[in-house]
2 protein chains.
Amino acid sequence: VAERGETAGHFADRLIQGVRKHGHPLCLGLDPHLDRIPELFRRGAMEPRDPATADAVEAFLAAVLERAAPRVAVVKPQIACFEQLGWPGLRALARVVERARAQGLLVLLDAKRADIASTAEAYARAYLEPQSALAVDAITANPYLGNDSLAPFVERARRHGRGVFVLVATSNPGSADLQGLRLEDGKTVAEAVAASLRERCEALAGPATGWSSLGAVVGATQPQSAERIRAALPRALFLVPGFGEQGASAREAVRGFVPGPGGLEGGIVNAARSVLFGEREGGAADAGQWEQGFDARLARTIEALAEAVRS
Amino acid sequence: VAERGETAGHFADRLIQGVRKHGHPLCLGLDPHLDRIPELFRRGAMEPRDPATADAVEAFLAAVLERAAPRVAVVKPQIACFEQLGWPGLRALARVVERARAQGLLVLLDAKRADIASTAEAYARAYLEPQSALAVDAITANPYLGNDSLAPFVERARRHGRGVFVLVATSNPGSADLQGLRLEDGKTVAEAVAASLRERCEALAGPATGWSSLGAVVGATQPQSAERIRAALPRALFLVPGFGEQGASAREAVRGFVPGPGGLEGGIVNAARSVLFGEREGGAADAGQWEQGFDARLARTIEALAEAVRS
């Protein structure tokens, strides 16, 4: 029997097979911003220190997962939203992750962790070991500390069929402050980070799809750099934030994708707030009304991305 | 009355006043590596998933704090060591932090967090708000996402008398992979990050000491860059890792310091494993023997740093 949390196979193969099956690259972001959680699920004043708040977050995300599990391959919890609730938040996150995996979803934890190697070992043990208390399928990591700091994550990807998405070009307005600095060889810092990942990326290519379990975060708000990063990392799956609430279109979001068996492929496109939260949903009269609103937003988002990869 | 976790005054002023009072810049790192926790405190097999392990970590650090509190100004818990224990680890961390602050210590949480601004808000709320479940005095942050991603931390530093140490030049062997890349203007990436912090650093200078609550992480293993970063950031307190177990000498660790009222000043030097763990201490026969070993390692480390700042 498989160990607790153990999963068979290669992360990128499993992810892309899921994307092909569903016919779209949506990754549903689980970012439970407290002020936007619908009335239906709120408990008390939603103070971060109140353990009831973590319960409300868990109940909200359980409802989200129930609606989304049949329709997407992967979800991406944002750990900061849970950390702000203290340890009850981390306990809620562990339960949400367990629930998602039991429903057949892949879980990519957005933690953007990084530290010197001996400390990064502890992060890798925390999230990428099959027996860990909070085992997920993949994690995001920050490259500022250099190659040795990423090694513990890459090693778990290889050994346990996990995935790592390294920040390359992020989606925020200030991303160019550092990532866009130009080096003496003419490359940007982001392009240099991409180039530095190439060898390890190739080494983690999947036997079934050729896509690698060492991926890159490439914001949808930077379509030009997506093409250059794709040239540097032909096998990297892109995790694309910035679609939806952050303003990029579906067409921009898939700019780094390439032709595959069923359309453009090569990554996943995250949408969180634009699917999780409806404008007037605080006022949803009952669960049925909330479900209807959520299903409609999810279907719209899926359709926009399915359309973008078909063309 | 002060709010829970509220502290009066300016972070850098409080820190440097503590350093002056104690006569040395040691920051005691709280990195409870499971395999090195002394026999005396171990419970069961020390499996990360077993909640008894978090209890053992808490008991070990309580003993450490009791010995260290009268002799140092600041401690630095490494959150990765707690995260690997799941939510019971975070609960243990919250208790360790509360205990340290009750003993008059400043707590600098080594979390190296970074995300886009809306998410960094959640991290800032988690750790730098006086009312949060895990309120600390300062945090480390990663600059890869750019200036807007640091803003929520800087804003809390200003508003609540907290501190932020931004990674500039880290102490690990791979630090130069990205931080050492040379830009077209001849600067390294690390030097560019330092320059980008200058204005905000000046704005957070303390009324009593002139030192800023926006500091920089500058590894002791990089003494040459310490001088250039000091030139770029004359008011930044340096958090200096790499002394002790990572190999740098006390003299190298204070290379970026400048003459002050009681000797060289301008930062804190972290030592964790070399103080927390004795070579043969697994075999300490009883609490008295462990205390003796710990006190001796702490005294040796303090003396080495006190000597380096005197000269």
# chains A, B, ... in the order shown; residues from 1 in each chain; ligands from 1
$ interface_residues --of "chain A" --to "chain B" --cutoff "8 Å" --atoms "only C-alpha atoms" --output "PyMOL selection string"
chain A and resi 48-49+80-81+83-88+90-91+112-117+119-120+122-123+125-127+131-134+142-149+170-179+181-186+189+193
$ residues_around --residues "His10 in chain B" --least-positions-apart "3" --cutoff "7 Å" --atoms "only C-alpha atoms" --output "number ranges by chain"
B: 13-14, 161, 206
$ write_last_selection --atoms "N, CA and C atoms" --output "CSV table (one decimal), in the first residue's frame"
chain,number,residue,atom,x,y,z
B,13,ASP,N,16.3,51.6,17.5
B,13,ASP,CA,16.7,52.3,18.7
B,13,ASP,C,16.7,51.2,19.8
B,14,ARG,N,15.6,50.5,20.0
B,14,ARG,CA,15.6,49.5,21.0
B,14,ARG,C,16.7,48.4,20.9
B,161,GLY,N,6.5,50.4,15.0
B,161,GLY,CA,7.8,50.3,15.7
B,161,GLY,C,8.5,48.9,15.5
B,206,GLY,N,16.2,56.0,13.5
B,206,GLY,CA,15.7,56.2,14.8
B,206,GLY,C,16.1,57.5,15.4
$ closest_residue --among "B:Val97, B:Leu105, B:Val166, B:Ala284" --to "Pro70 in chain B" --atoms "only C-alpha atoms"
B:Leu105
$ residues_around --residues "Arg162 in chain B" --least-positions-apart "3" --cutoff "12 Å" --atoms "only C-alpha atoms" --output "PyMOL selection string"
chain B and resi 5-15+106-109+124-125+127-130+135-140+152-159+165+204+206+212-215
$ residues_around --residues "Glu227 in chain B" --least-positions-apart "4" --cutoff "8 Å" --atoms "only C-alpha atoms" --output "list in words"
Pro223, Ala231, Arg255 and Gly256 of chain B
$ atom_distance --atom1 "CA of Glu291 in chain B" --atom2 "CA of Ala62 in chain B"
12.2 Å
$ residues_around --residues "Gln103 in chain A" --least-positions-apart "4" --cutoff "10 Å" --atoms "only C-alpha atoms" --output "count of residues only"
8
$ atom_distance --atom1 "CA of Val275 in chain A" --atom2 "CA of Arg300 in chain A"
8.9 Å
$ residues_around --residues "Gly293 in chain B" --least-positions-apart "4" --cutoff "10 Å" --atoms "only C-alpha atoms" --output "list of chain:residue names"
B:Val275, B:Leu276, B:Phe277, B:Gly278, B:Glu279, B:Arg280, B:Glu281, B:Ala284, B:Ala287, B:Gly288, B:Gln289, B:Arg297, B:Leu298, B:Ala299
$ write_last_selection --atoms "C-alpha atoms" --output "PDB file, in the first residue's frame"
ATOM      1  CA  VAL B 275      25.734  27.956  20.726  1.00  0.00           C
ATOM      2  CA  LEU B 276      22.665  25.699  20.903  1.00  0.00           C
ATOM      3  CA  PHE B 277      24.429  22.401  20.335  1.00  0.00           C
ATOM      4  CA  GLY B 278      27.540  20.985  22.003  1.00  0.00           C
ATOM      5  CA  GLU B 279      29.426  18.199  20.348  1.00  0.00           C
ATOM      6  CA  ARG B 280      28.970  15.685  23.093  1.00  0.00           C
ATOM      7  CA  GLU B 281      25.953  17.161  24.735  1.00  0.00           C
ATOM      8  CA  ALA B 284      24.774  15.419  29.152  1.00  0.00           C
ATOM      9  CA  ALA B 287      20.183  19.478  33.440  1.00  0.00           C
ATOM     10  CA  GLY B 288      23.089  20.902  35.424  1.00  0.00           C
ATOM     11  CA  GLN B 289      25.630  19.484  33.010  1.00  0.00           C
ATOM     12  CA  ARG B 297      29.363  28.099  24.617  1.00  0.00           C
ATOM     13  CA  LEU B 298      27.288  31.263  25.017  1.00  0.00           C
ATOM     14  CA  ALA B 299      30.027  33.003  27.032  1.00  0.00           C
TER      15      ALA B 299
END
$ residues_around --residues "range 239-245 of chain B" --least-positions-apart "4" --cutoff "8 Å" --atoms "only C-alpha atoms" --output "PyMOL selection string"
chain B and resi 165+170-172+215-221+249-250+253+267-274
$ write_last_selection --atoms "C-alpha atoms" --output "PDB file, in the first residue's frame"
ATOM      1  CA  PHE B 165      15.768  42.945   7.425  1.00  0.00           C
ATOM      2  CA  THR B 170      23.402  35.898   2.038  1.00  0.00           C
ATOM      3  CA  SER B 171      25.948  33.618   3.702  1.00  0.00           C
ATOM      4  CA  ASN B 172      25.468  30.389   1.731  1.00  0.00           C
ATOM      5  CA  GLY B 215      18.011  46.648   7.849  1.00  0.00           C
ATOM      6  CA  ALA B 216      19.909  44.315   5.533  1.00  0.00           C
ATOM      7  CA  VAL B 217      21.015  40.709   5.726  1.00  0.00           C
ATOM      8  CA  VAL B 218      24.730  40.681   4.889  1.00  0.00           C
ATOM      9  CA  GLY B 219      26.544  37.383   5.369  1.00  0.00           C
ATOM     10  CA  ALA B 220      29.751  37.238   7.390  1.00  0.00           C
ATOM     11  CA  THR B 221      31.158  35.004   4.665  1.00  0.00           C
ATOM     12  CA  SER B 249      35.344  34.693  12.161  1.00  0.00           C
ATOM     13  CA  ALA B 250      34.076  37.338  14.593  1.00  0.00           C
ATOM     14  CA  ALA B 253      31.321  39.216  10.923  1.00  0.00           C
ATOM     15  CA  GLY B 267      24.241  45.356  13.317  1.00  0.00           C
ATOM     16  CA  ILE B 268      23.781  42.037  15.021  1.00  0.00           C
ATOM     17  CA  VAL B 269      25.695  38.824  14.428  1.00  0.00           C
ATOM     18  CA  ASN B 270      23.713  35.611  14.474  1.00  0.00           C
ATOM     19  CA  ALA B 271      24.995  32.372  15.954  1.00  0.00           C
ATOM     20  CA  ALA B 272      22.647  29.417  16.351  1.00  0.00           C
ATOM     21  CA  ARG B 273      23.995  25.895  16.058  1.00  0.00           C
ATOM     22  CA  SER B 274      27.419  26.718  17.537  1.00  0.00           C
TER      23      SER B 274
END
$ select_by_dssp --residues "range 27-187 of chain B" --states "strand (DSSP E or B)" --output "ChimeraX atom specification"
/B:27-30,74-78,106-113,138-141,163-169,182-183
$ closest_residue --among "B:Leu40, B:Gly18, B:Val57, B:Gly247" --to "Gly104 in chain B" --atoms "only C-alpha atoms"
B:Gly18
$ atom_distance --atom1 "CA of Ile302 in chain A" --atom2 "CA of Leu26 in chain A"
6.4 Å
